[in-house]
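K.L.:
Here's a structure for you.
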Amino acid sequence: YLGPLVDASAMPAGAILMGPFVDFTQPQGALVEYPKHDLIVNQRVLETGLPYLDTHVPDRTAYSPVHRSFEGLPPLCVVVSEHEAVYDMSVTLVNRARADGVDCTLAVWKYMCHVFSFLDAFIPEGRQSVEFVCEWIRHRKQQQQQGRRQG
């Protein structure tokens with residue numbers, strides 16, 4: 001995906017994706033079922049957001065990260081609710097990244113809206129997800145430091 005543009009030595013130690021909207025193709029699964037319940041990715045996204053892409057993106061599949069190669073990417077931490085509109089595409093992203101050899105952590109909460117982690121000041125699940133991400137970062141940092149000591 002970004003291979004020709006990014007030098008592998010410039011890659012970050014990891015990346016965090018919170019409720020990633022990574023499939024711009026035909027809506028299906030949770031993206032069709034959950035917008036009526038999701039506070040953020042709601043019916044309006046389907047009605048205006050995706051059609052808008054058709055006027056600016058010649059091939060939505062080619063522009064959808066979930067349909068690209070993940071080879072060479074750093075470890076990923078994906079945080080999502082199994083009841084948000086992007087749940088299915090997040091799981092697909094993790095499975096495809098793992099198939100391409102990327103170390104992925106998938107953290108799933110129930111009954112939360114899209115990007116619920118940003119509501120950490122208001123809901124305990126948001127705070128829990130932020131703490132999970134912080135722990136993931138600490139763990140990645142420790143692994144990186146151990147690798148430097150051994151190298």
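In the structure tokens, the first chain shown is A, the next is B, and so on; residue numbers restart at 1 for each chain, and ligands run from 1 in the order shown.
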Which polymer residues have any atom within 8 Å of an atom of A:Trp109, counting only C-alpha atoms, with same-chain residues fewer than 4 positions away left out, as a PyMOL selection string?
P.N.:
chain A and resi 80-82+125
K.L.:
Any chance you can output those residues with C-alpha atoms as a PDB file, in the first residue's frame?
P.N.:
ATOM      1  CA  VAL A  80     -13.520  -1.599  18.329  1.00  0.00           C
ATOM      2  CA  SER A  81     -16.962  -2.348  19.698  1.00  0.00           C
ATOM      3  CA  GLU A  82     -18.700  -5.419  18.366  1.00  0.00           C
ATOM      4  CA  GLU A 125     -15.522   1.501  28.754  1.00  0.00           C
TER       5      GLU A 125
END
K.L.:
If we count only C-alpha atoms, what is near A:Thr92 at a cut-off of 9 Å, once residues fewer than 5 positions away on the same chain are taken out, given as a PyMOL selection string?
P.N.:
chain A and resi 66+87+97
K.L.:
Would you mind reading off the distance between atom CA of A:Arg60 and atom CA of A:Thr25, one decimal, in Å?
P.N.:
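So the two atoms, atom CA of A:Arg60 and atom CA of A:Thr25, lie 5.5 Å apart.
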K.L.:
Got a sec: who's within 10 Å of A:Arg140, counting only C-alpha atoms, leaving out chain neighbours fewer than 4 positions off, as a compact mmCIF listing (two decimals) with N, CA and C atoms, in the first residue's frame?
P.N.:
# COMPACT_ATOMS: atom_id res chain seq x y z
N ALA A 13 7.05 2.10 15.71
CA ALA A 13 7.10 0.82 16.43
C ALA A 13 5.75 0.14 16.44
N GLY A 14 4.69 0.87 16.15
CA GLY A 14 3.35 0.29 16.13
C GLY A 14 2.33 1.35 15.76
N PRO A 75 3.44 -3.51 14.02
CA PRO A 75 2.33 -4.10 14.78
C PRO A 75 1.15 -3.13 14.91
N CYS A 134 -2.75 2.14 26.28
CA CYS A 134 -1.53 2.58 26.97
C CYS A 134 -0.68 1.38 27.37
N GLU A 135 -1.31 0.33 27.82
CA GLU A 135 -0.58 -0.89 28.19
C GLU A 135 0.04 -1.52 26.94
N TRP A 136 -0.68 -1.52 25.83
CA TRP A 136 -0.14 -2.05 24.59
C TRP A 136 1.10 -1.26 24.17
N GLN A 144 10.74 -3.28 22.14
CA GLN A 144 11.69 -2.54 21.32
C GLN A 144 13.00 -2.33 22.07
N GLN A 145 12.91 -1.98 23.35
CA GLN A 145 14.12 -1.77 24.16
C GLN A 145 14.89 -3.06 24.35
N GLN A 146 14.18 -4.17 24.56
CA GLN A 146 14.85 -5.46 24.71
C GLN A 146 15.56 -5.85 23.42
K.L.:
Could you tell me, as number ranges by chain, which residues of chain A DSSP assigns to alpha helix (DSSP H) when given the backbone?
P.N.:
A: 30-33, 43-44, 50-56, 60-63, 87-99, 124-150
K.L.:
Just asking: which residues within chain A are strand (DSSP E) according to DSSP, as a count of residues only?
P.N.:
16
K.L.:
Quote the spacing between atom CA of A:Glu47 and atom CA of A:Pro65 in Å to one decimal place.
P.N.:
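We find that atom CA of A:Glu47 and atom CA of A:Pro65 lie 21.3 Å from each other.
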K.L.:
What is the atom CA of A:Leu31 to atom CA of A:Met89 distance in Å?
P.N.:
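Going from atom CA of A:Leu31 over to atom CA of A:Met89 covers 8.4 Å.
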K.L.:
With a distance cut-off of 12 Å and only C-alpha atoms, select the neighbouring residues of A:Phe118, excluding the residue or stretch itself and same-chain residues fewer than 4 positions from it, and output the selection as a list in words.
P.N.:
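Once the nearby chain positions are removed, what remains is Met18, Gly19, Ile40, Val79, Val80, Met112, Cys113, His114, Phe122, Ile123, Pro124, Glu125, Gly126, Arg127, Gln128, Ser129, Val130 and Glu131 of chain A.
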K.L.:
Could you save the residues just selected, with N, CA and C atoms, as a CSV table (one decimal), in the first residue's frame?
P.N.:
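Saved as result_36.csv:
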chain,number,residue,atom,x,y,z
A,18,MET,N,-8.5,3.0,16.2
A,18,MET,CA,-9.7,3.0,17.0
A,18,MET,C,-10.9,3.1,16.1
A,19,GLY,N,-11.6,2.0,16.0
A,19,GLY,CA,-12.8,2.0,15.2
A,19,GLY,C,-12.5,2.3,13.8
A,40,ILE,N,-22.3,7.7,16.1
A,40,ILE,CA,-21.3,8.4,15.2
A,40,ILE,C,-21.4,8.0,13.7
A,79,VAL,N,-8.9,-1.2,18.3
A,79,VAL,CA,-9.9,-1.1,19.3
A,79,VAL,C,-11.2,-0.9,18.7
A,80,VAL,N,-12.2,-1.7,19.0
A,80,VAL,CA,-13.5,-1.6,18.3
A,80,VAL,C,-14.6,-2.2,19.2
A,112,MET,N,-20.9,-0.5,22.5
A,112,MET,CA,-20.3,0.9,22.4
A,112,MET,C,-20.5,1.4,21.0
A,113,CYS,N,-20.5,2.7,20.9
A,113,CYS,CA,-20.6,3.4,19.6
A,113,CYS,C,-19.2,3.5,19.0
A,114,HIS,N,-19.2,3.9,17.7
A,114,HIS,CA,-18.0,4.2,17.0
A,114,HIS,C,-17.1,5.1,17.8
A,122,PHE,N,-16.3,10.2,29.9
A,122,PHE,CA,-17.7,10.1,30.2
A,122,PHE,C,-18.2,8.6,30.5
A,123,ILE,N,-17.5,7.7,29.9
A,123,ILE,CA,-18.0,6.3,30.0
A,123,ILE,C,-16.8,5.4,30.5
A,124,PRO,N,-17.0,4.5,31.4
A,124,PRO,CA,-15.9,3.6,31.9
A,124,PRO,C,-15.3,2.8,30.8
A,125,GLU,N,-16.1,2.3,29.8
A,125,GLU,CA,-15.5,1.5,28.8
A,125,GLU,C,-14.5,2.3,27.9
A,126,GLY,N,-14.8,3.6,27.7
A,126,GLY,CA,-13.9,4.4,27.0
A,126,GLY,C,-12.5,4.5,27.7
A,127,ARG,N,-12.6,4.7,29.1
A,127,ARG,CA,-11.4,4.8,29.9
A,127,ARG,C,-10.7,3.4,29.9
A,128,GLN,N,-11.4,2.3,29.9
A,128,GLN,CA,-10.8,1.0,29.9
A,128,GLN,C,-10.0,0.8,28.6
A,129,SER,N,-10.6,1.2,27.5
A,129,SER,CA,-10.0,1.0,26.2
A,129,SER,C,-8.7,1.9,26.1
A,130,VAL,N,-8.7,3.1,26.6
A,130,VAL,CA,-7.6,3.9,26.6
A,130,VAL,C,-6.5,3.3,27.5
A,131,GLU,N,-6.8,2.8,28.6
A,131,GLU,CA,-5.8,2.1,29.5
A,131,GLU,C,-5.3,0.9,28.7
K.L.:
Under the rule that only C-alpha atoms are counted, which of A:Leu17, A:Val45, A:Arg149, A:Lys36 is the nearest residue to A:Val94?
P.N.:
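Of A:Leu17, A:Val45, A:Arg149, A:Lys36, the one nearest A:Val94, counting only C-alpha atoms, is A:Leu17.
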